[in-house]
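J.: Dropping in work_6.cif, which is mmCIF, C-alpha atoms:
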data_entry
loop_
_atom_site.label_atom_id
_atom_site.label_comp_id
_atom_site.auth_asym_id
_atom_site.auth_seq_id
_atom_site.Cartn_x
_atom_site.Cartn_y
_atom_site.Cartn_z
CA MET A 46 -44.70 -7.59 77.54
CA VAL A 47 -44.13 -11.31 78.14
CA THR A 48 -43.09 -13.16 74.98
CA LEU A 49 -42.70 -16.77 73.89
CA PRO A 50 -39.52 -18.66 74.82
CA PRO A 51 -36.67 -17.90 72.38
CA MET A 52 -36.24 -20.12 69.33
CA ASP A 53 -32.97 -21.24 67.74
CA TYR A 54 -33.84 -20.01 64.25
CA ALA A 55 -30.69 -21.35 62.58
CA SER A 56 -31.40 -24.95 63.51
CA GLU A 57 -35.16 -24.59 62.96
CA VAL A 58 -34.62 -23.27 59.44
CA GLU A 59 -32.38 -26.23 58.64
CA ARG A 60 -34.88 -28.65 60.16
CA ILE A 61 -37.78 -27.25 58.10
CA ALA A 62 -35.67 -27.16 54.92
CA GLY A 63 -34.87 -30.84 55.48
CA ALA A 64 -38.56 -31.60 55.99
CA LEU A 65 -39.44 -29.80 52.75
CA ARG A 66 -36.79 -31.78 50.83
CA THR A 67 -38.10 -35.03 52.29
CA ALA A 68 -41.71 -34.10 51.50
CA THR A 69 -40.92 -33.15 47.91
CA GLY A 70 -39.11 -36.46 47.41
CA ARG A 71 -41.88 -38.45 49.07
CA LEU A 72 -44.44 -36.76 46.83
CA ARG A 73 -42.19 -37.47 43.82
CA ARG A 74 -42.29 -33.84 42.73
CA ARG A 75 -39.43 -31.77 41.29
CA GLY A 76 -40.03 -28.46 42.99
CA LEU A 77 -42.37 -26.27 45.00
CA VAL A 78 -45.03 -23.69 44.12
CA VAL A 79 -45.71 -20.90 46.62
CA ALA A 80 -48.42 -18.25 46.25
CA MET A 81 -46.90 -15.07 47.64
CA SER A 82 -49.21 -12.32 48.87
CA GLY A 83 -46.36 -10.25 50.24
CA GLY A 84 -47.52 -11.14 53.76
CA ILE A 85 -45.16 -12.57 56.33
CA ASP A 86 -46.32 -16.20 56.24
CA SER A 87 -46.08 -16.79 52.51
CA SER A 88 -42.81 -14.85 52.38
CA VAL A 89 -41.17 -17.02 55.03
CA SER A 90 -42.58 -20.17 53.41
CA ALA A 91 -41.11 -19.16 50.04
CA ALA A 92 -37.73 -18.42 51.60
CA LEU A 93 -37.76 -21.82 53.32
CA ALA A 94 -38.64 -23.50 50.02
CA VAL A 95 -35.59 -21.84 48.46
CA ARG A 96 -33.43 -23.00 51.39
CA ALA A 97 -34.70 -26.51 50.83
CA LEU A 98 -34.42 -26.89 47.07
CA GLY A 99 -32.62 -23.84 45.70
CA ALA A 100 -34.11 -20.93 43.78
CA ASP A 101 -34.28 -22.84 40.48
CA GLN A 102 -36.82 -25.30 41.85
CA VAL A 103 -39.26 -22.80 43.37
CA LEU A 104 -42.01 -20.95 41.50
CA GLY A 105 -43.64 -17.92 43.09
CA LEU A 106 -47.19 -16.91 42.19
CA LEU A 107 -48.54 -13.39 42.61
CA LEU A 108 -52.33 -13.60 42.51
CA PRO A 109 -53.84 -10.27 43.54
CA GLU A 110 -57.47 -9.25 42.99
CA ARG A 111 -59.21 -5.92 43.09
CA ASP A 112 -59.69 -5.94 46.90
CA SER A 113 -56.15 -7.03 47.81
CA THR A 114 -55.02 -4.72 50.58
CA LEU A 115 -51.41 -5.80 50.15
CA GLY A 116 -51.45 -4.11 46.75
CA ASP A 117 -51.05 -5.33 43.20
CA GLY A 118 -48.46 -8.00 43.89
CA SER A 119 -45.49 -5.65 44.07
CA LEU A 120 -44.45 -6.89 47.52
CA GLY A 121 -44.52 -10.43 46.17
CA ALA A 122 -42.43 -9.32 43.20
CA LEU A 123 -39.96 -7.68 45.56
CA LEU A 124 -39.64 -10.96 47.44
CA ALA A 125 -39.28 -13.00 44.24
CA HIS A 126 -36.39 -10.74 43.13
CA HIS A 127 -34.87 -10.93 46.60
CA LEU A 128 -35.01 -14.75 46.56
CA GLY A 129 -33.98 -15.00 42.90
CA ILE A 130 -36.94 -17.19 41.94
CA ARG A 131 -39.15 -17.25 38.85
CA PHE A 132 -42.64 -15.89 39.32
CA GLU A 133 -45.93 -15.57 37.48
CA HIS A 134 -48.35 -12.69 38.01
CA GLN A 135 -52.07 -13.09 37.38
CA ASP A 136 -54.85 -10.76 38.48
CA ILE A 137 -57.67 -13.09 39.53
CA SER A 138 -60.39 -10.37 39.52
CA PRO A 139 -61.83 -11.39 36.12
CA ALA A 140 -62.14 -15.02 37.26
CA LEU A 141 -63.81 -13.91 40.49
CA SER A 142 -66.22 -11.68 38.57
CA ALA A 143 -67.12 -14.52 36.24
CA LEU A 144 -67.85 -16.77 39.21
CA GLY A 145 -70.12 -14.15 40.78
CA CYS A 146 -67.94 -13.48 43.81
CA TYR A 147 -68.28 -9.70 43.78
CA ASN A 148 -71.96 -9.74 42.75
CA SER A 149 -72.86 -12.09 45.55
CA GLN A 150 -71.04 -9.88 48.06
CA GLN A 151 -72.76 -6.81 46.68
CA GLN A 152 -76.22 -8.40 46.97
CA VAL A 153 -75.71 -8.81 50.71
CA LEU A 154 -74.13 -5.41 51.21
CA GLN A 155 -76.95 -3.60 49.40
CA ARG A 156 -79.46 -5.50 51.51
CA VAL A 157 -77.93 -4.52 54.85
CA LEU A 158 -76.42 -1.11 54.03
CA PRO A 159 -78.79 1.12 52.05
CA GLY A 160 -76.86 3.13 49.45
CA TYR A 161 -73.94 0.67 49.17
CA GLY A 162 -72.49 0.88 45.67
CA ASP A 163 -69.49 1.79 43.55
CA GLY A 164 -66.57 3.27 45.44
CA TRP A 165 -67.61 1.82 48.78
CA LYS A 166 -65.27 -0.44 50.73
CA PHE A 167 -66.14 -2.96 53.41
CA LYS A 168 -64.81 -5.45 55.90
CA LEU A 169 -66.19 -7.83 58.51
CA VAL A 170 -65.42 -7.37 62.19
CA ILE A 171 -66.28 -9.57 65.12
CA SER A 172 -67.59 -8.42 68.44
CA ALA A 173 -68.20 -10.39 71.59
CA ALA A 174 -71.70 -11.50 72.46
CA MET A 175 -73.22 -13.81 75.04
CA GLY A 176 -70.93 -12.37 77.70
CA GLY A 177 -67.88 -12.94 75.52
CA ARG A 178 -68.72 -16.58 74.92
CA VAL A 179 -69.64 -16.29 71.25
CA SER A 180 -68.75 -13.82 68.54
CA ILE A 181 -71.11 -11.95 66.29
CA THR A 182 -70.10 -10.49 62.99
CA ARG A 183 -70.78 -6.97 61.83
CA VAL A 184 -70.11 -5.46 58.45
CA VAL A 185 -68.30 -2.13 58.50
CA ALA A 186 -68.29 -0.05 55.31
CA GLU A 187 -66.85 3.25 54.17
CA ASP A 188 -68.62 5.30 51.52
CA PRO A 189 -66.65 7.29 48.92
CA ARG A 190 -66.87 10.45 51.09
CA GLY A 191 -65.30 8.60 54.03
CA GLY A 192 -68.56 8.13 55.95
CA ARG A 193 -68.67 5.01 58.13
CA HIS A 194 -71.61 2.60 58.12
CA GLU A 195 -72.14 -0.48 60.24
CA ALA A 196 -74.70 -3.26 60.53
CA ARG A 197 -75.10 -6.61 62.23
CA LEU A 198 -75.41 -9.44 59.73
CA SER A 199 -78.06 -12.11 59.82
CA ALA A 200 -76.78 -15.68 59.71
CA ALA A 201 -77.86 -16.08 56.08
CA ASP A 202 -76.22 -12.81 54.98
CA TYR A 203 -73.03 -13.62 56.91
CA GLN A 204 -72.82 -17.07 55.35
CA GLN A 205 -73.43 -15.74 51.82
CA LEU A 206 -70.74 -13.08 52.27
CA VAL A 207 -68.23 -15.62 53.54
CA ALA A 208 -69.13 -18.18 50.87
CA ALA A 209 -68.66 -15.58 48.12
CA THR A 210 -65.39 -14.37 49.61
CA ASN A 211 -64.04 -17.92 49.86
CA PHE A 212 -63.92 -17.98 46.05
CA LYS A 213 -60.75 -15.91 46.39
CA GLN A 214 -58.79 -18.55 48.27
CA ARG A 215 -60.20 -21.34 46.12
CA VAL A 216 -59.42 -19.64 42.80
CA ARG A 217 -55.87 -19.01 43.99
CA LYS A 218 -55.53 -22.66 44.95
CA ALA A 219 -56.80 -23.78 41.53
CA LEU A 220 -54.05 -21.71 39.92
CA GLU A 221 -51.41 -23.00 42.33
CA TYR A 222 -52.30 -26.56 41.31
CA TYR A 223 -52.41 -25.61 37.64
CA HIS A 224 -48.78 -24.54 37.85
CA ALA A 225 -47.86 -27.46 40.10
CA ASP A 226 -49.36 -29.93 37.60
CA ARG A 227 -47.68 -28.17 34.70
CA LEU A 228 -44.24 -28.37 36.31
CA ASN A 229 -44.62 -31.55 38.38
CA TYR A 230 -44.15 -29.46 41.52
CA ALA A 231 -45.83 -29.70 44.94
CA VAL A 232 -47.91 -26.91 46.46
CA VAL A 233 -46.76 -25.21 49.65
CA GLY A 234 -49.46 -24.19 52.12
CA THR A 235 -48.54 -21.22 54.26
CA PRO A 236 -50.65 -21.20 57.46
CA ASN A 237 -48.91 -20.31 60.70
CA ARG A 238 -49.79 -22.07 63.94
CA LEU A 239 -52.55 -19.66 64.97
CA GLU A 240 -54.30 -20.10 61.64
CA TYR A 241 -53.79 -23.86 61.47
CA ASP A 242 -54.79 -24.55 65.08
CA GLN A 243 -57.74 -22.17 65.17
CA GLY A 244 -59.11 -23.07 61.75
CA PHE A 245 -58.52 -19.71 60.13
CA PHE A 246 -58.42 -21.00 56.58
CA VAL A 247 -60.77 -21.96 53.78
CA LYS A 248 -61.30 -25.66 53.23
CA LEU A 249 -60.00 -26.53 49.76
CA GLY A 250 -58.80 -22.93 49.54
CA ASP A 251 -55.75 -21.77 51.43
CA GLY A 252 -56.21 -24.86 53.61
CA ALA A 253 -55.28 -27.14 50.70
CA ALA A 254 -51.63 -27.97 50.08
CA ASP A 255 -49.13 -30.80 49.72
CA VAL A 256 -46.84 -29.56 52.48
CA LYS A 257 -47.20 -26.92 55.22
CA PRO A 258 -43.79 -25.86 56.51
CA ILE A 259 -44.74 -23.29 59.16
CA ALA A 260 -47.97 -24.71 60.61
CA HIS A 261 -46.13 -25.40 63.88
CA LEU A 262 -44.74 -21.85 64.25
CA TYR A 263 -46.46 -19.15 66.26
CA LYS A 264 -46.90 -15.85 64.41
CA THR A 265 -44.22 -14.07 66.45
CA GLN A 266 -41.83 -16.91 65.57
CA VAL A 267 -42.67 -16.44 61.87
CA TYR A 268 -41.71 -12.78 62.20
CA GLY A 269 -38.53 -13.80 64.03
CA MET A 270 -37.67 -16.27 61.32
CA ALA A 271 -38.32 -13.64 58.61
CA ARG A 272 -35.77 -11.35 60.28
CA PHE A 273 -33.33 -14.25 60.69
CA LEU A 274 -33.70 -15.08 56.99
CA GLY A 275 -32.99 -11.44 56.10
CA LEU A 276 -36.25 -10.84 54.23
CA PRO A 277 -36.87 -7.28 52.96
CA GLU A 278 -37.96 -4.80 55.62
CA ALA A 279 -41.06 -3.89 53.61
CA ILE A 280 -42.24 -7.43 54.32
CA THR A 281 -41.05 -7.90 57.90
CA THR A 282 -42.69 -4.65 59.02
CA THR A 283 -46.07 -5.18 57.34
CA THR A 284 -49.02 -5.44 59.73
CA PRO A 285 -50.86 -8.70 59.14
CA THR A 286 -54.20 -8.34 57.38
CA THR A 287 -56.58 -10.89 55.97
CA ASP A 288 -55.94 -9.38 52.50
CA THR A 289 -59.48 -10.37 51.66
CA PHE A 290 -61.85 -7.40 51.97
CA SER A 291 -61.75 -4.02 50.27
CA LEU A 292 -61.39 -2.15 53.58
CA ALA A 293 -58.14 -3.07 55.35
CA GLN A 294 -58.95 -5.62 58.01
CA GLY A 295 -56.69 -6.87 60.78
CA GLN A 296 -56.80 -10.60 61.50
CA ASP A 297 -57.64 -9.74 65.11
CA GLU A 298 -60.73 -7.80 63.97
CA PHE A 299 -62.09 -10.66 61.95
CA TYR A 300 -61.11 -13.82 63.68
CA PHE A 301 -58.88 -13.91 66.71
CA GLY A 302 -60.24 -10.99 68.71
CA LEU A 303 -56.72 -10.22 70.03
CA PRO A 304 -53.60 -8.88 68.32
CA TYR A 305 -51.32 -11.74 67.27
CA PRO A 306 -48.59 -11.34 69.96
CA GLN A 307 -51.24 -11.78 72.67
CA MET A 308 -53.01 -14.51 70.72
CA ASP A 309 -49.69 -16.39 70.48
CA LEU A 310 -49.40 -16.19 74.25
CA VAL A 311 -52.93 -17.51 74.73
CA LEU A 312 -52.37 -20.48 72.45
CA TRP A 313 -48.92 -21.18 73.91
CA HIS A 314 -50.36 -21.23 77.44
CA VAL A 315 -53.10 -23.63 76.32
CA ASN A 316 -50.59 -25.90 74.57
CA GLU A 317 -48.21 -25.90 77.54
CA GLY A 318 -51.04 -26.67 79.97
CA ARG A 319 -50.57 -23.38 81.82
CA SER A 320 -53.31 -21.98 84.03
CA ALA A 321 -55.59 -19.02 83.42
CA SER A 322 -53.79 -17.21 86.28
CA GLU A 323 -50.44 -17.59 84.51
CA LEU A 324 -51.98 -16.37 81.27
CA ALA A 325 -53.57 -13.42 83.07
CA MET A 326 -50.13 -12.46 84.42
CA ALA A 327 -48.61 -12.73 80.95
CA LEU A 328 -51.35 -10.64 79.33
CA GLY A 329 -51.77 -8.23 82.22
CA CYS A 330 -55.49 -8.89 82.46
CA GLU A 331 -58.03 -10.28 84.92
CA VAL A 332 -58.14 -14.06 85.42
CA LYS A 333 -61.77 -14.11 84.24
CA GLU A 334 -60.77 -12.53 80.95
CA ALA A 335 -57.91 -15.03 80.54
CA GLU A 336 -60.38 -17.86 81.17
CA GLY A 337 -62.52 -16.43 78.36
CA HIS A 338 -59.55 -16.43 75.95
CA ILE A 339 -58.72 -20.04 76.83
CA ALA A 340 -62.34 -21.09 76.37
CA ALA A 341 -62.38 -19.34 72.99
CA VAL A 342 -59.34 -21.35 71.82
CA HIS A 343 -61.09 -24.61 72.69
CA ALA A 344 -64.36 -23.42 71.14
CA LYS A 345 -62.64 -22.54 67.83
CA ARG A 346 -60.88 -25.91 67.79
CA ARG A 347 -64.25 -27.62 68.18
CA THR A 348 -66.15 -25.58 65.64
CA THR A 349 -63.44 -25.74 62.98
CA ALA A 350 -62.45 -29.40 63.45
CA TYR A 351 -64.27 -30.36 60.25
CA LEU A 352 -61.97 -28.12 58.22
CA HIS A 353 -59.09 -30.50 58.97
CA LEU A 354 -60.98 -33.66 58.14
CA PRO A 355 -60.52 -35.56 54.88
CA PRO A 356 -63.71 -36.82 53.22
CA ILE A 357 -65.47 -39.40 55.39
CA LEU A 358 -65.95 -42.73 53.67
CA ALA A 359 -69.02 -44.84 54.23
CA ALA A 360 -66.78 -47.94 54.23
CA GLU A 361 -63.08 -48.72 54.24
CA VAL A 362 -61.48 -49.02 50.79
CA PRO A 363 -59.00 -51.93 50.84
CA GLY A 364 -55.61 -51.14 49.35
CA ILE A 365 -55.92 -47.40 49.96
CA PRO A 366 -54.44 -46.24 53.25
CA ALA A 367 -56.82 -44.28 55.48
CA THR A 368 -55.72 -40.65 55.79
CA MET B 260 -95.38 -25.52 78.55
CA SER B 261 -96.44 -22.53 76.49
CA SER B 262 -96.79 -22.83 72.74
CA ARG B 263 -94.25 -20.01 72.50
CA LYS B 264 -91.66 -22.17 74.21
CA GLU B 265 -92.59 -25.09 71.96
CA ARG B 266 -92.04 -22.95 68.87
CA VAL B 267 -88.55 -22.04 70.07
CA ARG B 268 -87.78 -25.64 71.01
CA GLY B 269 -89.01 -26.80 67.61
CA PHE B 270 -86.74 -24.29 65.86
CA ILE B 271 -83.68 -25.30 67.87
CA THR B 272 -84.16 -29.04 67.51
CA SER B 273 -84.91 -28.80 63.80
CA MET B 274 -82.09 -26.37 62.93
CA PHE B 275 -79.23 -27.55 65.10
CA PHE B 276 -77.59 -30.90 65.63
CA THR B 277 -78.74 -32.70 68.76
CA ASP B 278 -78.20 -36.37 69.53
CA PRO B 279 -81.14 -38.47 68.33
CA GLY B 280 -83.58 -39.08 71.13
CA THR B 281 -82.34 -36.11 73.18
CA VAL B 282 -85.10 -33.95 74.60
CA LEU B 283 -83.96 -30.37 75.12
CA GLY B 284 -84.76 -29.46 78.72
CA GLU B 285 -85.90 -25.99 79.75
CA ASP B 286 -82.64 -25.28 81.61
CA ASP B 287 -80.20 -27.03 79.26
CA SER B 288 -77.42 -24.63 78.23
CA LEU B 289 -77.15 -24.26 74.47
CA LEU B 290 -73.56 -23.10 74.89
CA GLN B 291 -72.38 -25.78 77.32
CA LEU B 292 -74.02 -28.55 75.32
CA GLN B 293 -72.43 -27.07 72.17
CA ILE B 294 -75.77 -27.13 70.40
CA VAL B 295 -75.49 -23.59 69.04
CA ASP B 296 -72.33 -21.81 67.84
CA SER B 297 -71.77 -18.17 66.85
CA THR B 298 -73.56 -18.44 63.52
CA GLY B 299 -76.26 -20.47 65.21
CA PHE B 300 -76.95 -17.68 67.67
CA LEU B 301 -77.39 -15.31 64.76
CA GLU B 302 -79.89 -17.77 63.31
CA LEU B 303 -81.67 -18.06 66.64
CA VAL B 304 -81.87 -14.29 67.01
CA GLY B 305 -83.15 -13.98 63.43
CA PHE B 306 -85.83 -16.56 64.21
CA LEU B 307 -86.93 -14.76 67.39
CA GLU B 308 -87.10 -11.45 65.53
CA SER B 309 -89.14 -12.76 62.61
CA GLU B 310 -91.33 -15.20 64.55
CA PHE B 311 -92.22 -12.85 67.41
CA GLY B 312 -91.83 -9.45 65.76
CA ILE B 313 -89.19 -8.17 68.19
CA LYS B 314 -85.82 -6.45 67.66
CA VAL B 315 -82.88 -7.92 69.59
CA ASP B 316 -80.12 -5.38 70.23
CA ASP B 317 -76.45 -6.40 70.37
CA GLU B 318 -76.31 -5.65 74.07
CA GLU B 319 -79.21 -8.02 74.66
CA MET B 320 -77.27 -10.97 73.23
CA LEU B 321 -76.40 -12.33 76.65
CA PRO B 322 -76.46 -15.84 78.16
CA GLU B 323 -79.16 -14.75 80.61
CA ASN B 324 -81.40 -13.95 77.63
CA LEU B 325 -80.56 -16.68 75.14
CA ASP B 326 -78.74 -19.66 76.66
CA THR B 327 -81.70 -21.87 77.66
CA LEU B 328 -85.30 -22.33 76.65
CA ALA B 329 -86.39 -20.86 79.97
CA CYS B 330 -84.13 -17.79 79.51
CA ILE B 331 -85.35 -17.26 75.96
CA ASP B 332 -88.99 -17.50 77.03
CA ALA B 333 -88.48 -15.02 79.88
CA PHE B 334 -86.64 -12.70 77.50
CA LEU B 335 -89.49 -12.91 74.98
CA GLU B 336 -91.98 -12.21 77.75
CA ARG B 337 -90.11 -9.03 78.70
CA LYS B 338 -89.62 -7.90 75.11
CA LEU B 339 -93.20 -8.54 74.03
CA GLY B 340 -94.48 -6.87 77.18
CA ALA B 341 -92.27 -3.83 76.64
CA GLU B 342 -93.18 -3.54 72.97
CA ALA B 343 -96.89 -3.96 73.67
CA GLY B 344 -96.64 -1.16 76.25
CA ARG B 345 -95.19 1.32 73.77
#
Please, can you express the file's structure as structure tokens?
T.:
Amino acid sequence: MVTLPPMDYASEVERIAGALRTATGRLRRRGLVVAMSGGIDSSVSAALAVRALGADQVLGLLLPERDSTLGDGSLGALLAHHLGIRFEHQDISPALSALGCYNSQQQVLQRVLPGYGDGWKFKLVISAAMGGRVSITRVVAEDPRGGRHEARLSAADYQQLVAATNFKQRVRKALEYYHADRLNYAVVGTPNRLEYDQGFFVKLGDGAADVKPIAHLYKTQVYGMARFLGLPEAITTTTPTTDTFSLAQGQDEFYFGLPYPQMDLVLWHVNEGRSASELAMALGCEVKEAEGHIAAVHAKRRTTAYLHLPPILAAEVPGIPAT
Amino acid sequence: MSSRKERVRGFITSMFFTDPGTVLGEDDSLLQLQIVDSTGFLELVGFLESEFGIKVDDEEMLPENLDTLACIDAFLERKLGAEAGR
């Protein structure tokens, strides 16, 4: 399969480490906090933080909850030991329960899937509608006997499920800033380029950070950098998931609609101004399908633009620079 | 203009952002004008189902059924006719 142009990882690692040092100084902070799920993005971000400041000035946070598909934080612990950094472990399930996250999810699931209850697992998947021009979301669940159940969600049910689930990213961020405030550290955000560009993050959840070191790297480049940095194989060979729903869910199922190597190619072709024909050649698909993928990139940029925006002021505030 | 079409137009203009003063034409594309996004189509389908007592299947969620007021009205005509004939 066609891949992205090669990257000089040695010089890119040094460049990012320099940027992290500059950012930490500019923010007048003494170190960096990184929440580590055990996934590839947060692992590479943590390793880059260590390259920038040294292990003594990086704190890792392992913040699993009861639906974490990447396990109980053990991959994060493996990484912390590998990098030689301090880490804190906190199960956020009790906080999520207290906030009503799981109850709110369950209300929706019991409404759309009769019989849904203890021992069931679920995830959201997208499917194409309107001739591939919009996506509709379905809930897929597995009962304790392994039976599969599926239903299309109404807009209200979909929005409630997403709103409840977003507590997870926002509770994690609250804890990241608790530790950052406690230590006078800055918070590292860990989106890769696909996530950052296509708005695959929760506003004031995983979208919030003081510095984002890999937001310009395509996902395949993040994997390449992980191998260059010598991260443990258990991490570099993990299939990316959203780590959000109780039933394991690929990012392509929920958001991108394509596996990440192909999605990287789509976004790269858009960014380089390449044509749908060139993309079709790279993906080995029909030009019409490639046109659909390109249109979807632009559509996601439009619909998620507000996630990137700071609060809009009704009038300029003199003395405070506009962000 | 049928009252059915007016009910759909009223739902779209009250639920989704359109520039003030814009009148949604019968053949204006909801997709091309970026009036309705993915979640919006779910809302539109939910409205059609509850307001007109029909069931929209996944495979019926096509531009030729839902992208303009005229398409939606023709789709409703077919669905209501088919369901009345059952």
J.: So how far away is CA of Ile85 in chain A from CA of Leu276 in chain A, in Å?
T.: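 Interatomic distance here is 9.3 Å.
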J.: Which residues fall under the PyMOL selection byres ((chain B and resi 329-334) around 10) in this file, as a PDB file with C-alpha atoms, in the coordinates of the input?
T.:
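As written to disk, part_38.pdb reads:
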ATOM      1  CA  SER B 261     -96.440 -22.530  76.490  1.00  0.00           C
ATOM      2  CA  ARG B 263     -94.250 -20.010  72.500  1.00  0.00           C
ATOM      3  CA  LYS B 264     -91.660 -22.170  74.210  1.00  0.00           C
ATOM      4  CA  GLU B 265     -92.590 -25.090  71.960  1.00  0.00           C
ATOM      5  CA  VAL B 267     -88.550 -22.040  70.070  1.00  0.00           C
ATOM      6  CA  GLY B 284     -84.760 -29.460  78.720  1.00  0.00           C
ATOM      7  CA  GLU B 285     -85.900 -25.990  79.750  1.00  0.00           C
ATOM      8  CA  ASP B 286     -82.640 -25.280  81.610  1.00  0.00           C
ATOM      9  CA  ASP B 287     -80.200 -27.030  79.260  1.00  0.00           C
ATOM     10  CA  SER B 288     -77.420 -24.630  78.230  1.00  0.00           C
ATOM     11  CA  LEU B 307     -86.930 -14.760  67.390  1.00  0.00           C
ATOM     12  CA  VAL B 315     -82.880  -7.920  69.590  1.00  0.00           C
ATOM     13  CA  GLU B 319     -79.210  -8.020  74.660  1.00  0.00           C
ATOM     14  CA  LEU B 321     -76.400 -12.330  76.650  1.00  0.00           C
ATOM     15  CA  PRO B 322     -76.460 -15.840  78.160  1.00  0.00           C
ATOM     16  CA  GLU B 323     -79.160 -14.750  80.610  1.00  0.00           C
ATOM     17  CA  ASN B 324     -81.400 -13.950  77.630  1.00  0.00           C
ATOM     18  CA  LEU B 325     -80.560 -16.680  75.140  1.00  0.00           C
ATOM     19  CA  ASP B 326     -78.740 -19.660  76.660  1.00  0.00           C
ATOM     20  CA  THR B 327     -81.700 -21.870  77.660  1.00  0.00           C
ATOM     21  CA  LEU B 328     -85.300 -22.330  76.650  1.00  0.00           C
ATOM     22  CA  LEU B 335     -89.490 -12.910  74.980  1.00  0.00           C
ATOM     23  CA  GLU B 336     -91.980 -12.210  77.750  1.00  0.00           C
ATOM     24  CA  ARG B 337     -90.110  -9.030  78.700  1.00  0.00           C
ATOM     25  CA  LYS B 338     -89.620  -7.900  75.110  1.00  0.00           C
ATOM     26  CA  LEU B 339     -93.200  -8.540  74.030  1.00  0.00           C
ATOM     27  CA  GLY B 340     -94.480  -6.870  77.180  1.00  0.00           C
TER      28      GLY B 340
END
J.: From the options A:Val170, A:Thr210, A:Pro258, A:Gln243, which residue's atoms come nearest to Ala341 in chain A, counting only C-alpha atoms?
T.: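 For Ala341 in chain A, the nearest of the given residues is A:Gln243.
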J.: Provide an axis-aligned box for all listed atoms of range 46-58 of chain A, padding each side by 3 Å; report its centre and its edge lengths in Å to one decimal, as JSON.
T.:
{"center_x": -37.7, "center_y": -16.3, "center_z": 68.8, "size_x": 20.0, "size_y": 23.4, "size_z": 24.7}
J.: At a cut-off of 6 Å, which residues of chain B touch chain A? Count all atoms listed in the file and give the answer as a PDB file with C-alpha atoms, in the coordinates of the input.
T.:
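So out-v3.pdb came out as:
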ATOM      1  CA  SER B 297     -71.770 -18.170  66.850  1.00  0.00           C
ATOM      2  CA  THR B 298     -73.560 -18.440  63.520  1.00  0.00           C
ATOM      3  CA  LEU B 301     -77.390 -15.310  64.760  1.00  0.00           C
ATOM      4  CA  GLU B 302     -79.890 -17.770  63.310  1.00  0.00           C
ATOM      5  CA  MET B 320     -77.270 -10.970  73.230  1.00  0.00           C
ATOM      6  CA  LEU B 321     -76.400 -12.330  76.650  1.00  0.00           C
ATOM      7  CA  PRO B 322     -76.460 -15.840  78.160  1.00  0.00           C
TER       8      PRO B 322
END
J.: Please determine, counting only C-alpha atoms, which residue among B:Leu289, B:Phe270, B:Ser262, B:Thr277 has the shortest atom-to-atom distance to Phe306 in chain B.
T.: B:Phe270
J.: Show me, as an MDAnalysis selection string, the residues that have an atom within 9 Å of Lys333 in chain A when counting all atoms listed in the file, minus same-chain residues fewer than 5 positions from it.
T.: chainID A and resid 321:322 325 338
J.: Between CA of Leu274 in chain A and CA of Val58 in chain A, what is the spacing in Å?
T.: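 Between these atoms lies a distance of 8.6 Å.
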J.: Using all atoms listed in the file, can you tell me which of A:Gln135, A:Ser113, A:Gln151, A:Ser87 comes closest to Ile259 in chain A?
T.: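 Among the listed residues, the smallest separation from Ile259 in chain A belongs to A:Ser87.
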J.: Take the PyMOL selection byres ((chain A and resi 220-229) around 8), run it mentally on this structure, and tell me the resulting residues as a ChimeraX atom specification.
T.: /A:74-80,106,216-219,230-232
J.: Would you work out the distance separating CA of Gly280 in chain B from CA of Pro356 in chain A, expressed in Å to one decimal?
T.: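 These two atoms are separated by 26.8 Å.
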J.: For the provided coordinates, the residues matched by the PyMOL selection byres ((chain A and resi 247) around 12) should be stated as a VMD selection string.
T.: chain A and resid 207 to 218 234 236 240 to 241 243 to 246 248 to 254 289 349 351 to 353
